[in-house]
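**Q** Handing you this structure, nothing more for now.
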Amino acid sequence: MVFLRSEEHLERWLDANGWEPGASLTATKLNELARRWWWSRLDPDWRPRPPAESQQILDDIGLTGAFWQLA
Amino acid sequence: MDDLDLRIRTHLYASFVRDGAAQTPEAAAAALGLEEERVQEAYRRLHDAHALVLHPGSTEIWMLNPFSTVETPHRVEAGGRSWYGNCAWDALGIPGAMHGDAGRIESDCPDCGELLELEVRGGELVRGAELLVHILVPARHWWDDIGFT
């Protein structure tokens, strides 16, 4: 997952590498996602998060649809 | 992943944040008073459970997500220290993982190489909000090749 300057830069980057587009989101949305996703990672009592909870985080952020389905 | 694996994992994260470097199985075994072989086995189980990522074919730690143990294009200042995130997602996750409200991220646009700067304050993105984020790999395939993802 990468940050890019704009849609124009994204299209050039995909073309240059011959890659099909995946999914785009705003940096603001990613910040919201990243904060929730990683918040407990350093907690001493950390336990693996059940996949359903991870999926719920994506859903809550509005990242829905086939691309964002974990399984 | 059993209780010993979780104990080792907690130690690895804490020591990485303290020292800025990932411990080898030998160092972790010495710190925890365990046999090195048992620690190596735990590293492999933690890797298989996606609780950390090892360099291919070794017990050398590559990722303690969201932290990278090696240099990447995603540089983070948080908690008064410098870190590398594995990707855009991880870079923005480091301030939160450290339960801090602030962080600065520098990355490079993979198209033009231009420096991209982001800043988080009060948990909100206050700089770099105009930037775009792109992920190539669908969620169900993220762990097929986590380095590429």
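In the structure tokens, chains take letters A, B, ... by order of appearance, with residues numbered from 1 within each chain and ligands from 1 in the order shown.
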Taking the DSSP assignment computed from this structure's backbone, write out as an MDAnalysis selection string all residues of chain A that belong to alpha helix (DSSP H).

**A** chainID A and resid 7:17 27:38 51:61

**Q** May I ask you to extract the residues of chain A within 6 Å of chain B, using only C-alpha atoms, and to give them as a ChimeraX atom specification?

**A** /A:1-6,9,13,22-28,31,34-35,38-39,41,44,67-71

**Q** DSSP on the backbone: which residues in chain A end up as strand (DSSP E or B)? Give the answer as a PyMOL selection string.

**A** chain A and resi 2-4+23-26

**Q** Keeping only C-alpha atoms, take the residues you just selected and write them out as a tab-separated table (two decimals), in the first residue's frame.

**A**
chain	number	residue	atom	x	y	z
A	2	VAL	CA	1.48	3.33	-1.09
A	3	PHE	CA	0.84	7.05	-0.87
A	4	LEU	CA	0.64	8.86	-4.21
A	23	ALA	CA	-8.46	0.00	-4.55
A	24	SER	CA	-7.92	3.66	-3.68
A	25	LEU	CA	-8.80	5.54	-0.53
A	26	THR	CA	-8.02	8.91	0.95

**Q** Suppose you want the space between atom CA of Arg36 of chain A and atom CA of Arg45 of chain B; what is it in Å?

**A**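 Distance reported for this atom pair: 25.3 Å.
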
**Q** Would you mind reading off the distance between atom CA of Val53 of chain B and atom CA of Thr69 of chain B, one decimal, in Å?

**A**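 These two atoms are separated by 10.0 Å.
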
**Q** What does the structure give for the distance between atom CA of Trp62 of chain B and atom CA of Thr24 of chain B, in Å to one decimal?

**A**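 So the two atoms, atom CA of Trp62 of chain B and atom CA of Thr24 of chain B, lie 11.1 Å apart.
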
**Q** Neighbours of Ala42 of chain B within 10 Å (only C-alpha atoms; same-chain residues fewer than 5 positions away dropped), as a ChimeraX atom specification?

**A** /B:1-2,4-9,25,36-37,47-48,59

**Q** Could you please take those selected residues and save N, CA and C atoms as a compact mmCIF listing (two decimals), in the first residue's frame?

**A**
# COMPACT_ATOMS: atom_id res chain seq x y z
N MET B 1 -0.47 -20.96 18.27
CA MET B 1 0.19 -19.96 19.10
C MET B 1 -0.21 -20.20 20.56
N ASP B 2 0.77 -20.54 21.39
CA ASP B 2 0.45 -20.82 22.80
C ASP B 2 0.94 -19.66 23.69
N LEU B 4 3.49 -19.41 25.61
CA LEU B 4 4.91 -19.11 25.47
C LEU B 4 5.14 -18.24 24.23
N ASP B 5 4.48 -18.59 23.13
CA ASP B 5 4.62 -17.79 21.91
C ASP B 5 4.20 -16.34 22.17
N LEU B 6 3.09 -16.18 22.86
CA LEU B 6 2.60 -14.82 23.15
C LEU B 6 3.55 -14.07 24.06
N ARG B 7 4.15 -14.79 25.02
CA ARG B 7 5.12 -14.15 25.91
C ARG B 7 6.34 -13.68 25.12
N ILE B 8 6.79 -14.53 24.21
CA ILE B 8 7.94 -14.17 23.38
C ILE B 8 7.59 -12.99 22.47
N ARG B 9 6.40 -13.05 21.88
CA ARG B 9 5.97 -11.95 21.01
C ARG B 9 5.92 -10.62 21.76
N PRO B 25 16.79 -14.88 17.89
CA PRO B 25 16.36 -15.92 18.83
C PRO B 25 17.36 -16.10 19.97
N GLU B 36 17.38 -21.65 23.15
CA GLU B 36 17.31 -20.95 21.86
C GLU B 36 16.45 -21.70 20.85
N GLU B 37 16.54 -23.04 20.87
CA GLU B 37 15.77 -23.83 19.91
C GLU B 37 14.26 -23.62 20.10
N HIS B 47 5.33 -16.43 13.00
CA HIS B 47 5.32 -16.06 11.57
C HIS B 47 4.13 -16.73 10.88
N ASP B 48 3.95 -18.02 11.12
CA ASP B 48 2.84 -18.75 10.47
C ASP B 48 1.48 -18.19 10.88
N THR B 59 15.20 -17.16 10.62
CA THR B 59 14.50 -16.73 11.84
C THR B 59 14.86 -15.27 12.17
